[in-house]
Protein chains: 2
Amino acid sequence: MKYLLLVAHGSRRQASNEEVQTLAGRVEKQLPNGFSGVKAAFLELASPSIEMAIDACYEEGASELLILPYFLSAGTHVAKDMPTEVAKAMDKWPDKKVEIASHIGSLDPMIDLITSVCH
Amino acid sequence: MKYLLLVAHGSRRQASNEEVQTLAGRVEKQLPNGFSGVKAAFLELASPSIEMAIDACYEEGASELLILPYFLSAGTHVAKDMPTEVAKAMDKWPDKKVEIASHIGSLDPMIDLITSVCH
């Protein structure tokens, strides 16, 4: 039972955090085969934290977690802070599998998303 | 002759700015029909500015500009700062057309981009 976890930076502006939660809700309706849940988490400034969200996924019965950094560029947050937070949370779940995908700005279909606005 | 202008926030970290420029270069190789160029610009902290990039597009002969805010959420930068900068730059080009698209985080195909990591 795989879960997808979308990790965003988090903002002081509550509407930005809600935008991420709404997006996760929309992804949930189109989850590919093999995935049974999706959640959003925030590196800072908003809740749930990465640790809270990882706990929630495994408590709901996830056996495996795919974490997608919802960041446009690969700064320190993506390269260091997020892996550190994930490793800390995983201490509690030594038998579970976790994988961190490349940040969203680096994914090949980003090109198609950009050109989708051209009309 | 339409141009696409990708406007990112800009970062103190030069590699992040280069990531946006590289992306624009990749988009250029897959530009849809009707578009003849793509450029990147930065709202702050990096060069070229929005004004510099808009000038460059029109000086190269663009007749129309589609601006895509390369932002994941619709904060003040997207809602206020960017339109203000664009309006300021357009004062110089009263006969040219410009359109600002929705920020990239709000585009429908973002769902497909997110689920593309699920395997």
# chains A, B, ... in the order shown; residues from 1 in each chain; ligands from 1
>>> closest_atom_pairs(of="chain B", to="chain A", cutoff="6 Å", atoms="only C-alpha atoms", output="Markdown table")
| residue | atom | partner | partner_atom | distance |
| --- | --- | --- | --- | --- |
| B:Ser16 | CA | A:Ser73 | CA | 5.6 |
| B:Val27 | CA | A:Ile111 | CA | 5.7 |
| B:Ser73 | CA | A:Ser16 | CA | 5.6 |
| B:Ile111 | CA | A:Val27 | CA | 5.7 |
>>> write_last_selection(atoms="N, CA and C atoms", output="tab-separated table (two decimals), in the first residue's frame")
chain	number	residue	atom	x	y	z
B	16	SER	N	20.14	28.17	-8.76
B	16	SER	CA	18.68	28.16	-8.93
B	16	SER	C	18.26	28.99	-10.13
B	27	VAL	N	12.54	24.46	-23.08
B	27	VAL	CA	11.22	24.81	-23.62
B	27	VAL	C	11.37	25.32	-25.06
B	73	SER	N	2.67	29.08	-5.90
B	73	SER	CA	1.44	29.58	-5.28
B	73	SER	C	1.24	31.07	-5.57
B	111	ILE	N	-1.45	18.33	-12.07
B	111	ILE	CA	-1.84	17.04	-11.51
B	111	ILE	C	-1.08	15.91	-12.21
>>> calpha_fit_and_write(fixed="chain B", moving="chain A", output="mmCIF file with N, CA and C atoms, in the first residue's frame")
data_model
loop_
_atom_site.group_PDB
_atom_site.id
_atom_site.type_symbol
_atom_site.label_atom_id
_atom_site.label_comp_id
_atom_site.auth_asym_id
_atom_site.auth_seq_id
_atom_site.Cartn_x
_atom_site.Cartn_y
_atom_site.Cartn_z
ATOM 1 N N MET A 1 4.317 37.400 -34.267
ATOM 2 C CA MET A 1 5.464 36.701 -33.674
ATOM 3 C C MET A 1 5.353 36.736 -32.142
ATOM 4 N N LYS A 2 4.940 35.578 -31.591
ATOM 5 C CA LYS A 2 4.703 35.496 -30.142
ATOM 6 C C LYS A 2 5.941 34.994 -29.405
ATOM 7 N N TYR A 3 6.147 35.541 -28.233
ATOM 8 C CA TYR A 3 7.222 35.078 -27.347
ATOM 9 C C TYR A 3 6.591 34.638 -26.023
ATOM 10 N N LEU A 4 7.214 33.636 -25.421
ATOM 11 C CA LEU A 4 6.830 33.196 -24.077
ATOM 12 C C LEU A 4 7.888 33.695 -23.095
ATOM 13 N N LEU A 5 7.426 34.304 -22.012
ATOM 14 C CA LEU A 5 8.371 34.797 -20.994
ATOM 15 C C LEU A 5 8.070 34.115 -19.658
ATOM 16 N N LEU A 6 9.040 33.350 -19.208
ATOM 17 C CA LEU A 6 8.924 32.614 -17.943
ATOM 18 C C LEU A 6 9.470 33.526 -16.848
ATOM 19 N N VAL A 7 8.627 33.921 -15.885
ATOM 20 C CA VAL A 7 9.115 34.813 -14.819
ATOM 21 C C VAL A 7 9.194 34.059 -13.491
ATOM 22 N N ALA A 8 10.413 33.902 -12.982
ATOM 23 C CA ALA A 8 10.638 33.221 -11.706
ATOM 24 C C ALA A 8 10.926 34.253 -10.625
ATOM 25 N N HIS A 9 10.937 33.785 -9.368
ATOM 26 C CA HIS A 9 11.202 34.721 -8.282
ATOM 27 C C HIS A 9 12.608 35.295 -8.354
ATOM 28 N N GLY A 10 13.585 34.419 -8.601
ATOM 29 C CA GLY A 10 14.991 34.824 -8.516
ATOM 30 C C GLY A 10 15.534 34.445 -7.163
ATOM 31 N N SER A 11 16.815 34.037 -7.147
ATOM 32 C CA SER A 11 17.424 33.530 -5.916
ATOM 33 C C SER A 11 18.830 34.090 -5.749
ATOM 34 N N ARG A 12 19.271 34.153 -4.473
ATOM 35 C CA ARG A 12 20.670 34.521 -4.204
ATOM 36 C C ARG A 12 21.595 33.405 -4.648
ATOM 37 N N ARG A 13 21.023 32.211 -4.737
ATOM 38 C CA ARG A 13 21.801 31.033 -5.124
ATOM 39 C C ARG A 13 21.805 30.955 -6.656
ATOM 40 N N GLN A 14 22.958 31.199 -7.234
ATOM 41 C CA GLN A 14 23.036 31.328 -8.685
ATOM 42 C C GLN A 14 22.580 30.061 -9.414
ATOM 43 N N ALA A 15 22.825 28.896 -8.804
ATOM 44 C CA ALA A 15 22.434 27.640 -9.460
ATOM 45 C C ALA A 15 20.922 27.557 -9.678
ATOM 46 N N SER A 16 20.142 28.161 -8.771
ATOM 47 C CA SER A 16 18.682 28.147 -8.929
ATOM 48 C C SER A 16 18.263 28.981 -10.133
ATOM 49 N N ASN A 17 18.923 30.124 -10.311
ATOM 50 C CA ASN A 17 18.599 30.968 -11.468
ATOM 51 C C ASN A 17 18.991 30.269 -12.770
ATOM 52 N N GLU A 18 20.121 29.587 -12.712
ATOM 53 C CA GLU A 18 20.577 28.862 -13.909
ATOM 54 C C GLU A 18 19.622 27.727 -14.255
ATOM 55 N N GLU A 19 19.033 27.130 -13.207
ATOM 56 C CA GLU A 19 18.061 26.054 -13.437
ATOM 57 C C GLU A 19 16.872 26.585 -14.272
ATOM 58 N N VAL A 20 16.455 27.808 -13.968
ATOM 59 C CA VAL A 20 15.339 28.418 -14.717
ATOM 60 C C VAL A 20 15.766 28.720 -16.157
ATOM 61 N N GLN A 21 16.979 29.213 -16.315
ATOM 62 C CA GLN A 21 17.478 29.515 -17.665
ATOM 63 C C GLN A 21 17.601 28.232 -18.501
ATOM 64 N N THR A 22 18.068 27.172 -17.857
ATOM 65 C CA THR A 22 18.200 25.894 -18.562
ATOM 66 C C THR A 22 16.831 25.376 -18.992
ATOM 67 N N LEU A 23 15.869 25.534 -18.087
ATOM 68 C CA LEU A 23 14.498 25.115 -18.387
ATOM 69 C C LEU A 23 13.958 25.890 -19.590
ATOM 70 N N ALA A 24 14.189 27.202 -19.608
ATOM 71 C CA ALA A 24 13.725 28.014 -20.745
ATOM 72 C C ALA A 24 14.373 27.527 -22.038
ATOM 73 N N GLY A 25 15.643 27.151 -21.955
ATOM 74 C CA GLY A 25 16.334 26.619 -23.131
ATOM 75 C C GLY A 25 15.704 25.323 -23.623
ATOM 76 N N ARG A 26 15.271 24.504 -22.672
ATOM 77 C CA ARG A 26 14.631 23.231 -23.063
ATOM 78 C C ARG A 26 13.241 23.480 -23.653
ATOM 79 N N VAL A 27 12.535 24.462 -23.091
ATOM 80 C CA VAL A 27 11.212 24.812 -23.625
ATOM 81 C C VAL A 27 11.363 25.326 -25.057
ATOM 82 N N GLU A 28 12.429 26.081 -25.302
ATOM 83 C CA GLU A 28 12.662 26.654 -26.637
ATOM 84 C C GLU A 28 12.696 25.567 -27.717
ATOM 85 N N LYS A 29 13.234 24.404 -27.334
ATOM 86 C CA LYS A 29 13.354 23.302 -28.318
ATOM 87 C C LYS A 29 12.005 22.634 -28.594
ATOM 88 N N GLN A 30 11.024 22.919 -27.753
ATOM 89 C CA GLN A 30 9.705 22.285 -27.943
ATOM 90 C C GLN A 30 8.596 23.321 -28.026
ATOM 91 N N LEU A 31 8.945 24.511 -28.501
ATOM 92 C CA LEU A 31 7.943 25.587 -28.565
ATOM 93 C C LEU A 31 6.802 25.226 -29.510
ATOM 94 N N PRO A 32 5.573 25.425 -29.056
ATOM 95 C CA PRO A 32 4.423 25.127 -29.914
ATOM 96 C C PRO A 32 4.363 26.087 -31.099
ATOM 97 N N ASN A 33 3.645 25.650 -32.134
ATOM 98 C CA ASN A 33 3.408 26.504 -33.298
ATOM 99 C C ASN A 33 2.878 27.859 -32.870
ATOM 100 N N GLY A 34 3.344 28.888 -33.545
ATOM 101 C CA GLY A 34 2.835 30.218 -33.249
ATOM 102 C C GLY A 34 3.749 30.980 -32.304
ATOM 103 N N PHE A 35 4.651 30.260 -31.657
ATOM 104 C CA PHE A 35 5.599 30.912 -30.756
ATOM 105 C C PHE A 35 6.997 30.855 -31.370
ATOM 106 N N SER A 36 7.689 31.988 -31.328
ATOM 107 C CA SER A 36 9.015 31.978 -31.959
ATOM 108 C C SER A 36 10.153 32.210 -30.980
ATOM 109 N N GLY A 37 9.855 32.396 -29.724
ATOM 110 C CA GLY A 37 10.952 32.564 -28.781
ATOM 111 C C GLY A 37 10.487 32.407 -27.350
ATOM 112 N N VAL A 38 11.440 32.102 -26.481
ATOM 113 C CA VAL A 38 11.147 32.025 -25.055
ATOM 114 C C VAL A 38 12.323 32.627 -24.301
ATOM 115 N N LYS A 39 12.014 33.357 -23.247
ATOM 116 C CA LYS A 39 13.050 33.922 -22.389
ATOM 117 C C LYS A 39 12.660 33.717 -20.923
ATOM 118 N N ALA A 40 13.666 33.837 -20.054
ATOM 119 C CA ALA A 40 13.413 33.788 -18.617
ATOM 120 C C ALA A 40 13.714 35.159 -18.026
ATOM 121 N N ALA A 41 12.986 35.511 -16.972
ATOM 122 C CA ALA A 41 13.250 36.760 -16.256
ATOM 123 C C ALA A 41 13.010 36.511 -14.774
ATOM 124 N N PHE A 42 13.482 37.453 -13.947
ATOM 125 C CA PHE A 42 13.387 37.272 -12.494
ATOM 126 C C PHE A 42 12.774 38.509 -11.844
ATOM 127 N N LEU A 43 11.878 38.254 -10.913
ATOM 128 C CA LEU A 43 11.215 39.352 -10.219
ATOM 129 C C LEU A 43 12.196 40.110 -9.339
ATOM 130 N N GLU A 44 13.087 39.401 -8.674
ATOM 131 C CA GLU A 44 14.109 40.053 -7.856
ATOM 132 C C GLU A 44 15.330 39.156 -7.716
ATOM 133 N N LEU A 45 16.420 39.751 -7.207
ATOM 134 C CA LEU A 45 17.664 39.045 -6.848
ATOM 135 C C LEU A 45 18.475 38.497 -8.026
ATOM 136 N N ALA A 46 17.927 38.520 -9.228
ATOM 137 C CA ALA A 46 18.678 37.970 -10.358
ATOM 138 C C ALA A 46 18.360 38.748 -11.623
ATOM 139 N N SER A 47 19.157 38.527 -12.609
ATOM 140 C CA SER A 47 19.028 39.244 -13.873
ATOM 141 C C SER A 47 18.818 38.232 -14.996
ATOM 142 N N PRO A 48 18.060 38.551 -16.052
ATOM 143 C CA PRO A 48 17.453 39.852 -16.348
ATOM 144 C C PRO A 48 16.179 40.103 -15.547
ATOM 145 N N SER A 49 15.914 41.374 -15.314
ATOM 146 C CA SER A 49 14.655 41.772 -14.693
ATOM 147 C C SER A 49 13.520 41.575 -15.694
ATOM 148 N N ILE A 50 12.301 41.706 -15.208
ATOM 149 C CA ILE A 50 11.138 41.612 -16.096
ATOM 150 C C ILE A 50 11.231 42.681 -17.188
ATOM 151 N N GLU A 51 11.588 43.896 -16.792
ATOM 152 C CA GLU A 51 11.654 44.990 -17.765
ATOM 153 C C GLU A 51 12.714 44.714 -18.836
ATOM 154 N N MET A 52 13.885 44.274 -18.400
ATOM 155 C CA MET A 52 14.953 43.969 -19.363
ATOM 156 C C MET A 52 14.511 42.886 -20.346
ATOM 157 N N ALA A 53 13.858 41.862 -19.828
ATOM 158 C CA ALA A 53 13.460 40.747 -20.692
ATOM 159 C C ALA A 53 12.352 41.167 -21.650
ATOM 160 N N ILE A 54 11.400 41.960 -21.176
ATOM 161 C CA ILE A 54 10.319 42.434 -22.057
ATOM 162 C C ILE A 54 10.919 43.288 -23.179
ATOM 163 N N ASP A 55 11.823 44.189 -22.821
ATOM 164 C CA ASP A 55 12.495 45.002 -23.841
ATOM 165 C C ASP A 55 13.180 44.105 -24.875
ATOM 166 N N ALA A 56 13.896 43.097 -24.389
ATOM 167 C CA ALA A 56 14.646 42.213 -25.296
ATOM 168 C C ALA A 56 13.711 41.479 -26.255
ATOM 169 N N CYS A 57 12.583 41.010 -25.753
ATOM 170 C CA CYS A 57 11.622 40.298 -26.619
ATOM 171 C C CYS A 57 11.134 41.208 -27.743
ATOM 172 N N TYR A 58 10.713 42.432 -27.377
ATOM 173 C CA TYR A 58 10.168 43.332 -28.399
ATOM 174 C C TYR A 58 11.257 43.832 -29.337
ATOM 175 N N GLU A 59 12.462 44.024 -28.790
ATOM 176 C CA GLU A 59 13.572 44.455 -29.660
ATOM 177 C C GLU A 59 13.938 43.368 -30.676
ATOM 178 N N GLU A 60 13.695 42.104 -30.299
ATOM 179 C CA GLU A 60 13.954 41.014 -31.252
ATOM 180 C C GLU A 60 12.818 40.861 -32.249
ATOM 181 N N GLY A 61 11.755 41.654 -32.085
ATOM 182 C CA GLY A 61 10.675 41.635 -33.064
ATOM 183 C C GLY A 61 9.394 40.966 -32.613
ATOM 184 N N ALA A 62 9.305 40.571 -31.347
ATOM 185 C CA ALA A 62 8.052 39.987 -30.863
ATOM 186 C C ALA A 62 6.916 40.993 -31.039
ATOM 187 N N SER A 63 5.748 40.487 -31.408
ATOM 188 C CA SER A 63 4.589 41.384 -31.517
ATOM 189 C C SER A 63 3.680 41.169 -30.312
ATOM 190 N N GLU A 64 3.858 40.048 -29.678
ATOM 191 C CA GLU A 64 2.948 39.636 -28.604
ATOM 192 C C GLU A 64 3.727 38.811 -27.589
ATOM 193 N N LEU A 65 3.355 38.968 -26.326
ATOM 194 C CA LEU A 65 4.102 38.319 -25.248
ATOM 195 C C LEU A 65 3.134 37.583 -24.333
ATOM 196 N N LEU A 66 3.457 36.327 -24.038
ATOM 197 C CA LEU A 66 2.693 35.584 -23.040
ATOM 198 C C LEU A 66 3.628 35.356 -21.854
ATOM 199 N N ILE A 67 3.231 35.880 -20.695
ATOM 200 C CA ILE A 67 4.074 35.788 -19.499
ATOM 201 C C ILE A 67 3.536 34.697 -18.578
ATOM 202 N N LEU A 68 4.405 33.753 -18.233
ATOM 203 C CA LEU A 68 4.005 32.673 -17.331
ATOM 204 C C LEU A 68 4.721 32.832 -15.997
ATOM 205 N N PRO A 69 3.970 33.127 -14.931
ATOM 206 C CA PRO A 69 4.585 33.223 -13.595
ATOM 207 C C PRO A 69 5.023 31.822 -13.133
ATOM 208 N N TYR A 70 6.335 31.647 -13.006
ATOM 209 C CA TYR A 70 6.891 30.357 -12.603
ATOM 210 C C TYR A 70 6.937 30.320 -11.075
ATOM 211 N N PHE A 71 5.739 30.262 -10.496
ATOM 212 C CA PHE A 71 5.532 30.272 -9.040
ATOM 213 C C PHE A 71 4.544 29.162 -8.700
ATOM 214 N N LEU A 72 4.772 28.494 -7.567
ATOM 215 C CA LEU A 72 3.858 27.419 -7.187
ATOM 216 C C LEU A 72 2.595 27.925 -6.515
ATOM 217 N N SER A 73 2.674 29.096 -5.882
ATOM 218 C CA SER A 73 1.443 29.594 -5.253
ATOM 219 C C SER A 73 1.242 31.078 -5.540
ATOM 220 N N ALA A 74 -0.006 31.496 -5.370
ATOM 221 C CA ALA A 74 -0.419 32.834 -5.779
ATOM 222 C C ALA A 74 -0.284 33.832 -4.649
ATOM 223 N N GLY A 75 0.956 34.110 -4.226
ATOM 224 C CA GLY A 75 1.157 35.116 -3.185
ATOM 225 C C GLY A 75 1.170 36.521 -3.771
ATOM 226 N N THR A 76 1.625 37.470 -2.964
ATOM 227 C CA THR A 76 1.686 38.873 -3.381
ATOM 228 C C THR A 76 2.559 39.052 -4.625
ATOM 229 N N HIS A 77 3.621 38.260 -4.726
ATOM 230 C CA HIS A 77 4.495 38.376 -5.887
ATOM 231 C C HIS A 77 3.722 38.169 -7.184
ATOM 232 N N VAL A 78 2.859 37.167 -7.180
ATOM 233 C CA VAL A 78 2.100 36.851 -8.389
ATOM 234 C C VAL A 78 0.933 37.824 -8.558
ATOM 235 N N ALA A 79 0.261 38.110 -7.461
ATOM 236 C CA ALA A 79 -0.965 38.910 -7.536
ATOM 237 C C ALA A 79 -0.690 40.399 -7.757
ATOM 238 N N LYS A 80 0.399 40.907 -7.177
ATOM 239 C CA LYS A 80 0.650 42.345 -7.241
ATOM 240 C C LYS A 80 1.976 42.740 -7.895
ATOM 241 N N ASP A 81 3.087 42.211 -7.352
ATOM 242 C CA ASP A 81 4.403 42.693 -7.776
ATOM 243 C C ASP A 81 4.660 42.457 -9.267
ATOM 244 N N MET A 82 4.342 41.271 -9.724
ATOM 245 C CA MET A 82 4.624 40.961 -11.122
ATOM 246 C C MET A 82 3.779 41.812 -12.079
ATOM 247 N N PRO A 83 2.445 41.882 -11.888
ATOM 248 C CA PRO A 83 1.653 42.752 -12.773
ATOM 249 C C PRO A 83 2.139 44.211 -12.759
ATOM 250 N N THR A 84 2.576 44.681 -11.588
ATOM 251 C CA THR A 84 3.087 46.056 -11.490
ATOM 252 C C THR A 84 4.337 46.233 -12.354
ATOM 253 N N GLU A 85 5.265 45.283 -12.246
ATOM 254 C CA GLU A 85 6.505 45.341 -13.043
ATOM 255 C C GLU A 85 6.208 45.253 -14.544
ATOM 256 N N VAL A 86 5.262 44.394 -14.891
ATOM 257 C CA VAL A 86 4.904 44.233 -16.308
ATOM 258 C C VAL A 86 4.298 45.528 -16.840
ATOM 259 N N ALA A 87 3.379 46.107 -16.071
ATOM 260 C CA ALA A 87 2.718 47.352 -16.513
ATOM 261 C C ALA A 87 3.745 48.465 -16.693
ATOM 262 N N LYS A 88 4.703 48.535 -15.782
ATOM 263 C CA LYS A 88 5.745 49.553 -15.857
ATOM 264 C C LYS A 88 6.562 49.373 -17.139
ATOM 265 N N ALA A 89 6.932 48.141 -17.428
ATOM 266 C CA ALA A 89 7.742 47.872 -18.627
ATOM 267 C C ALA A 89 6.952 48.154 -19.896
ATOM 268 N N MET A 90 5.646 47.915 -19.852
ATOM 269 C CA MET A 90 4.818 48.068 -21.061
ATOM 270 C C MET A 90 4.567 49.531 -21.426
ATOM 271 N N ASP A 91 4.821 50.435 -20.497
ATOM 272 C CA ASP A 91 4.692 51.873 -20.807
ATOM 273 C C ASP A 91 5.488 52.247 -22.051
ATOM 274 N N LYS A 92 6.609 51.562 -22.213
ATOM 275 C CA LYS A 92 7.513 51.835 -23.332
ATOM 276 C C LYS A 92 7.020 51.226 -24.643
ATOM 277 N N TRP A 93 6.069 50.300 -24.548
ATOM 278 C CA TRP A 93 5.636 49.534 -25.727
ATOM 279 C C TRP A 93 4.113 49.596 -25.867
ATOM 280 N N PRO A 94 3.572 50.797 -26.076
ATOM 281 C CA PRO A 94 2.109 50.960 -26.038
ATOM 282 C C PRO A 94 1.366 50.205 -27.148
ATOM 283 N N ASP A 95 2.084 49.842 -28.234
ATOM 284 C CA ASP A 95 1.401 49.182 -29.352
ATOM 285 C C ASP A 95 1.501 47.662 -29.305
ATOM 286 N N LYS A 96 2.161 47.133 -28.280
ATOM 287 C CA LYS A 96 2.394 45.691 -28.228
ATOM 288 C C LYS A 96 1.379 45.024 -27.306
ATOM 289 N N LYS A 97 1.131 43.744 -27.586
ATOM 290 C CA LYS A 97 0.193 42.988 -26.760
ATOM 291 C C LYS A 97 0.933 42.150 -25.716
ATOM 292 N N VAL A 98 0.340 42.059 -24.537
ATOM 293 C CA VAL A 98 0.919 41.224 -23.486
ATOM 294 C C VAL A 98 -0.208 40.546 -22.712
ATOM 295 N N GLU A 99 0.052 39.336 -22.291
ATOM 296 C CA GLU A 99 -0.935 38.608 -21.484
ATOM 297 C C GLU A 99 -0.185 37.874 -20.373
ATOM 298 N N ILE A 100 -0.747 37.887 -19.165
ATOM 299 C CA ILE A 100 -0.132 37.150 -18.058
ATOM 300 C C ILE A 100 -0.976 35.914 -17.767
ATOM 301 N N ALA A 101 -0.372 34.747 -17.902
ATOM 302 C CA ALA A 101 -1.090 33.487 -17.639
ATOM 303 C C ALA A 101 -1.201 33.255 -16.131
ATOM 304 N N SER A 102 -1.989 32.268 -15.758
ATOM 305 C CA SER A 102 -2.054 31.854 -14.343
ATOM 306 C C SER A 102 -0.705 31.275 -13.919
ATOM 307 N N HIS A 103 -0.372 31.404 -12.651
ATOM 308 C CA HIS A 103 0.897 30.852 -12.173
ATOM 309 C C HIS A 103 0.920 29.336 -12.356
ATOM 310 N N ILE A 104 2.133 28.817 -12.512
ATOM 311 C CA ILE A 104 2.272 27.417 -12.934
ATOM 312 C C ILE A 104 1.648 26.419 -11.942
ATOM 313 N N GLY A 105 1.669 26.764 -10.663
ATOM 314 C CA GLY A 105 1.093 25.864 -9.662
ATOM 315 C C GLY A 105 -0.408 25.678 -9.790
ATOM 316 N N SER A 106 -1.064 26.571 -10.529
ATOM 317 C CA SER A 106 -2.525 26.508 -10.643
ATOM 318 C C SER A 106 -2.995 25.847 -11.933
ATOM 319 N N LEU A 107 -2.075 25.474 -12.795
ATOM 320 C CA LEU A 107 -2.476 24.911 -14.091
ATOM 321 C C LEU A 107 -2.948 23.461 -13.933
ATOM 322 N N ASP A 108 -4.013 23.116 -14.639
ATOM 323 C CA ASP A 108 -4.581 21.768 -14.497
ATOM 324 C C ASP A 108 -3.576 20.637 -14.719
ATOM 325 N N PRO A 109 -2.699 20.745 -15.752
ATOM 326 C CA PRO A 109 -1.780 19.600 -15.968
ATOM 327 C C PRO A 109 -0.756 19.410 -14.854
ATOM 328 N N MET A 110 -0.755 20.289 -13.839
ATOM 329 C CA MET A 110 0.126 20.086 -12.683
ATOM 330 C C MET A 110 -0.174 18.739 -12.027
ATOM 331 N N ILE A 111 -1.442 18.326 -12.060
ATOM 332 C CA ILE A 111 -1.831 17.027 -11.495
ATOM 333 C C ILE A 111 -1.069 15.901 -12.205
ATOM 334 N N ASP A 112 -1.027 15.988 -13.545
ATOM 335 C CA ASP A 112 -0.324 14.949 -14.311
ATOM 336 C C ASP A 112 1.171 14.967 -14.020
ATOM 337 N N LEU A 113 1.714 16.180 -13.849
ATOM 338 C CA LEU A 113 3.145 16.277 -13.547
ATOM 339 C C LEU A 113 3.436 15.598 -12.202
ATOM 340 N N ILE A 114 2.580 15.851 -11.227
ATOM 341 C CA ILE A 114 2.768 15.236 -9.905
ATOM 342 C C ILE A 114 2.669 13.715 -9.987
ATOM 343 N N THR A 115 1.635 13.222 -10.662
ATOM 344 C CA THR A 115 1.453 11.766 -10.698
ATOM 345 C C THR A 115 2.485 11.091 -11.603
ATOM 346 N N SER A 116 3.220 11.882 -12.401
ATOM 347 C CA SER A 116 4.250 11.278 -13.262
ATOM 348 C C SER A 116 5.373 10.628 -12.451
ATOM 349 N N VAL A 117 5.515 11.005 -11.175
ATOM 350 C CA VAL A 117 6.578 10.390 -10.356
ATOM 351 C C VAL A 117 6.151 9.047 -9.767
ATOM 352 N N CYS A 118 4.852 8.741 -9.829
ATOM 353 C CA CYS A 118 4.346 7.517 -9.200
ATOM 354 C C CYS A 118 4.714 6.286 -10.028
ATOM 355 N N HIS A 119 5.426 5.385 -9.433
ATOM 356 C CA HIS A 119 5.814 4.179 -10.166
ATOM 357 C C HIS A 119 5.815 2.996 -9.208
#
>>> select_by_dssp(residues="segment 18-79 of chain A", states="strand (DSSP E or B)", output="NGL selection string")
:A and (35-42 or 49 or 64-69)
